[in-house]
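Dumped my_file_34.cif below, it's mmCIF, C-alpha atoms:
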```
data_run
#
loop_
_atom_site.label_atom_id
_atom_site.label_comp_id
_atom_site.auth_asym_id
_atom_site.auth_seq_id
_atom_site.Cartn_x
_atom_site.Cartn_y
_atom_site.Cartn_z
CA ILE A 220 18.58 -9.42 9.31
CA ALA A 221 18.85 -6.37 7.09
CA ILE A 222 15.58 -5.32 5.51
CA THR A 223 15.90 -3.22 2.39
CA PRO A 224 13.19 -0.98 0.96
CA THR A 225 11.02 -2.35 -1.84
CA LYS A 226 12.05 -0.95 -5.22
CA GLY A 227 9.05 -0.42 -7.49
CA VAL A 228 6.54 -3.24 -7.12
CA GLU A 229 7.29 -6.79 -6.04
CA ARG A 230 4.71 -9.49 -6.70
CA THR A 231 4.39 -12.74 -4.79
CA ILE A 232 1.96 -15.50 -5.76
CA THR A 233 0.91 -18.09 -3.21
CA SER A 234 -1.87 -20.65 -2.80
CA VAL A 235 -4.12 -20.76 0.26
CA LEU A 236 -6.89 -23.35 0.57
CA GLY A 237 -6.80 -23.92 -3.16
CA GLU A 238 -7.09 -20.21 -3.99
CA SER A 239 -4.30 -18.41 -5.79
CA LEU A 240 -3.43 -15.12 -4.08
CA VAL A 241 -1.26 -12.41 -5.57
CA PHE A 242 0.41 -9.99 -3.17
CA TRP A 243 1.73 -6.72 -4.54
CA ASP A 244 4.28 -4.92 -2.37
CA PHE A 245 4.49 -1.29 -3.50
CA GLY A 246 7.71 0.57 -2.74
CA GLY A 247 6.94 3.69 -0.72
CA GLN A 248 9.71 5.96 -1.91
CA GLU A 249 8.57 9.24 -3.45
CA LYS A 250 9.96 8.36 -6.88
CA TYR A 251 7.50 5.44 -7.11
CA LYS A 252 4.39 6.95 -5.52
CA GLN A 253 3.50 9.26 -8.40
CA LYS A 254 4.04 6.43 -10.87
CA TYR A 255 1.28 4.39 -9.21
CA LEU A 256 -1.18 7.27 -9.51
CA GLU A 257 -0.25 8.01 -13.14
CA SER A 258 -1.03 4.44 -14.29
CA PRO A 259 -3.89 3.36 -12.01
CA GLU A 260 -5.21 0.73 -14.42
CA LYS A 261 -1.89 -1.08 -14.13
CA TYR A 262 -1.82 -1.10 -10.33
CA PHE A 263 -5.40 -0.92 -9.05
CA ASP A 264 -7.57 -2.81 -11.51
CA ASN A 265 -9.20 -5.95 -10.11
CA ILE A 266 -7.88 -5.82 -6.55
CA LYS A 267 -10.05 -6.89 -3.64
CA TYR A 268 -8.00 -5.79 -0.65
CA LEU A 269 -5.69 -2.85 -0.03
CA PHE A 270 -3.37 -2.72 2.97
CA PHE A 271 -1.84 0.72 3.45
CA VAL A 272 1.14 0.76 5.81
CA VAL A 273 2.20 3.93 7.66
CA ASP A 274 5.55 4.20 9.44
CA ALA A 275 4.25 5.40 12.82
CA GLN A 276 7.73 6.19 14.12
CA ASN A 277 8.28 8.90 11.53
CA LEU A 278 6.00 11.60 12.91
CA LEU A 279 7.21 14.09 10.32
CA THR A 280 5.61 12.14 7.46
CA ILE A 281 2.35 10.81 8.93
CA ASP A 282 0.26 13.71 7.56
CA LYS A 283 1.90 13.31 4.17
CA ASP A 284 1.33 9.54 4.25
CA LEU A 285 -2.36 9.95 5.07
CA ASP A 286 -2.73 12.53 2.31
CA TYR A 287 -1.24 10.00 -0.11
CA PHE A 288 -3.63 7.38 1.24
CA ASN A 289 -6.57 9.64 0.33
CA LYS A 290 -5.27 9.78 -3.25
CA ILE A 291 -4.81 6.01 -3.38
CA TYR A 292 -8.27 5.47 -1.88
CA SER A 293 -9.87 7.69 -4.51
CA VAL A 294 -8.14 5.94 -7.41
CA ALA A 295 -8.57 2.39 -6.08
CA GLY A 296 -12.25 3.03 -5.33
CA LYS A 297 -12.90 4.02 -8.95
CA TYR A 298 -11.55 0.69 -10.17
CA ASN A 299 -12.98 -1.38 -7.32
CA PRO A 300 -16.05 0.08 -5.57
CA THR A 301 -16.22 -2.88 -3.15
CA ILE A 302 -12.53 -2.84 -2.20
CA LYS A 303 -11.72 -3.66 1.43
CA ILE A 304 -9.11 -1.35 2.95
CA THR A 305 -6.96 -1.76 6.04
CA ILE A 306 -4.57 0.89 7.34
CA ILE A 307 -1.65 -0.50 9.33
CA PHE A 308 0.50 1.67 11.58
CA ASN A 309 3.86 -0.08 11.52
CA LYS A 310 6.51 0.20 14.23
CA VAL A 311 4.08 1.13 17.00
CA THR A 312 5.30 0.35 20.49
CA PHE A 313 3.33 0.22 23.71
CA GLN A 314 4.50 0.29 27.29
CA ALA A 315 2.70 -1.69 29.94
CA PRO A 316 1.49 0.43 32.88
#
```
Could you show the structure in this file as structure tokens?
Amino acid sequence: IAITPTKGVERTITSVLGESLVFWDFGGQEKYKQKYLESPEKYFDNIKYLFFVVDAQNLLTIDKDLDYFNKIYSVAGKYNPTIKITIIFNKVTFQAP
């Protein structure tokens, strides 16, 4: 299965236990990242949970990714002081001893 990068923002709406949930998948390419910060009311207003995914296999960008997370955290926190945040390190592998 070929997985392609998200372009811009993709929204998915689903129902769980009678609750409607909206999932926003934000593309992580540089050309989109600044756009999210420039229009925070469009992207961060009224969200309850934020999952920030870091590609753990790309060691060259982890510092840059975490710096971007700090910017996102600052903006999202202004719109949602009680937001719940989870950072996910994707593509992590472990070897059994």
Given the file shown, determine the residues that the PyMOL selection byres ((chain A and resi 305) around 8) selects; report them as a compact mmCIF listing (two decimals) with C-alpha atoms, keeping the file's coordinate frame.
```txt
# COMPACT_ATOMS: atom_id res chain seq x y z
CA TYR A 268 -8.00 -5.79 -0.65
CA LEU A 269 -5.69 -2.85 -0.03
CA PHE A 270 -3.37 -2.72 2.97
CA PHE A 271 -1.84 0.72 3.45
CA LYS A 303 -11.72 -3.66 1.43
CA ILE A 304 -9.11 -1.35 2.95
CA ILE A 306 -4.57 0.89 7.34
CA ILE A 307 -1.65 -0.50 9.33
```
Original post:
Quick one: which residues end up in the PyMOL selection byres ((chain A and resi 236-241) around 12) for this structure, as a ChimeraX atom specification?
Top reply: /A:229-235,242-244,265-269
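Atom CA of Leu285 of chain A is positioned 19.7 Å from atom CA of Thr312 of chain A.
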Original post:
Quick one: residues within 12 Å of Gln248 of chain A, all atoms listed in the file counted, chain neighbours fewer than 4 positions away excluded, as number ranges by chain?
Top reply: A: 223-228, 252-255, 280, 284, 287
Taking all atoms of segment 227-244 of chain A that the file lists, what box with edges along x, y and z, padded by 6 Å per side, do you get, with centre and edge lengths in Å to one decimal, as lines of an AutoDock Vina configuration file?
```
center_x = 1.0
center_y = -12.2
center_z = -3.5
size_x = 28.1
size_y = 35.5
size_z = 20.1
```
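From atom CA of Asn289 of chain A back to atom CA of Ser258 of chain A, the distance works out to 16.5 Å.
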Original post:
Distance atom CA of Val311 of chain A-atom CA of Phe288 of chain A, one decimal place?
Top reply: 18.6 Å
Original post:
Can you find the residues with an atom no farther than 7 Å from (2.5, 0.9, 6.3), counting only C-alpha atoms, and report them as a count of residues only?
Top reply: 7
**OP:** Output the residue selection produced by the PyMOL selection byres ((chain A and resi 263) around 8) on the file above, formatted as a PyMOL selection string.
**Re:** chain A and resi 259-262+264-266+294-295+298-299
Please fill the gaps in segment 256-272 of chain A so it has N, CA and C atoms, and write that as an mmCIF file, keeping the file's coordinate frame.
```cif
data_model
loop_
_atom_site.group_PDB
_atom_site.id
_atom_site.type_symbol
_atom_site.label_atom_id
_atom_site.label_comp_id
_atom_site.auth_asym_id
_atom_site.auth_seq_id
_atom_site.Cartn_x
_atom_site.Cartn_y
_atom_site.Cartn_z
ATOM 1 N N LEU A 256 -0.007 6.443 -9.241
ATOM 2 C CA LEU A 256 -1.180 7.270 -9.510
ATOM 3 C C LEU A 256 -1.323 7.604 -10.993
ATOM 4 N N GLU A 257 -0.214 7.669 -11.716
ATOM 5 C CA GLU A 257 -0.250 8.010 -13.140
ATOM 6 C C GLU A 257 -0.719 6.855 -14.008
ATOM 7 N N SER A 258 -0.590 5.620 -13.537
ATOM 8 C CA SER A 258 -1.030 4.440 -14.290
ATOM 9 C C SER A 258 -1.931 3.564 -13.423
ATOM 10 N N PRO A 259 -3.060 4.109 -12.969
ATOM 11 C CA PRO A 259 -3.890 3.360 -12.010
ATOM 12 C C PRO A 259 -4.424 2.042 -12.554
ATOM 13 N N GLU A 260 -4.686 1.974 -13.849
ATOM 14 C CA GLU A 260 -5.210 0.730 -14.420
ATOM 15 C C GLU A 260 -4.205 -0.413 -14.263
ATOM 16 N N LYS A 261 -2.945 -0.087 -14.268
ATOM 17 C CA LYS A 261 -1.890 -1.080 -14.130
ATOM 18 C C LYS A 261 -1.782 -1.611 -12.701
ATOM 19 N N TYR A 262 -2.052 -0.742 -11.730
ATOM 20 C CA TYR A 262 -1.820 -1.100 -10.330
ATOM 21 C C TYR A 262 -3.079 -1.369 -9.516
ATOM 22 N N PHE A 263 -4.222 -0.839 -9.913
ATOM 23 C CA PHE A 263 -5.400 -0.920 -9.050
ATOM 24 C C PHE A 263 -6.584 -1.662 -9.662
ATOM 25 N N ASP A 264 -6.464 -2.100 -10.888
ATOM 26 C CA ASP A 264 -7.570 -2.810 -11.510
ATOM 27 C C ASP A 264 -7.678 -4.220 -10.922
ATOM 28 N N ASN A 265 -8.891 -4.586 -10.544
ATOM 29 C CA ASN A 265 -9.200 -5.950 -10.110
ATOM 30 C C ASN A 265 -8.544 -6.367 -8.797
ATOM 31 N N ILE A 266 -8.369 -5.427 -7.871
ATOM 32 C CA ILE A 266 -7.880 -5.820 -6.550
ATOM 33 C C ILE A 266 -9.057 -5.864 -5.581
ATOM 34 N N LYS A 267 -8.973 -6.729 -4.603
ATOM 35 C CA LYS A 267 -10.050 -6.890 -3.640
ATOM 36 C C LYS A 267 -9.712 -6.274 -2.287
ATOM 37 N N TYR A 268 -8.441 -6.275 -1.951
ATOM 38 C CA TYR A 268 -8.000 -5.790 -0.650
ATOM 39 C C TYR A 268 -6.816 -4.846 -0.828
ATOM 40 N N LEU A 269 -6.800 -3.807 -0.024
ATOM 41 C CA LEU A 269 -5.690 -2.850 -0.030
ATOM 42 C C LEU A 269 -5.236 -2.665 1.414
ATOM 43 N N PHE A 270 -3.963 -2.943 1.661
ATOM 44 C CA PHE A 270 -3.370 -2.720 2.970
ATOM 45 C C PHE A 270 -2.407 -1.557 2.815
ATOM 46 N N PHE A 271 -2.665 -0.480 3.529
ATOM 47 C CA PHE A 271 -1.840 0.720 3.450
ATOM 48 C C PHE A 271 -1.047 0.808 4.742
ATOM 49 N N VAL A 272 0.277 0.797 4.627
ATOM 50 C CA VAL A 272 1.140 0.760 5.810
ATOM 51 C C VAL A 272 1.764 2.139 6.029
#
```
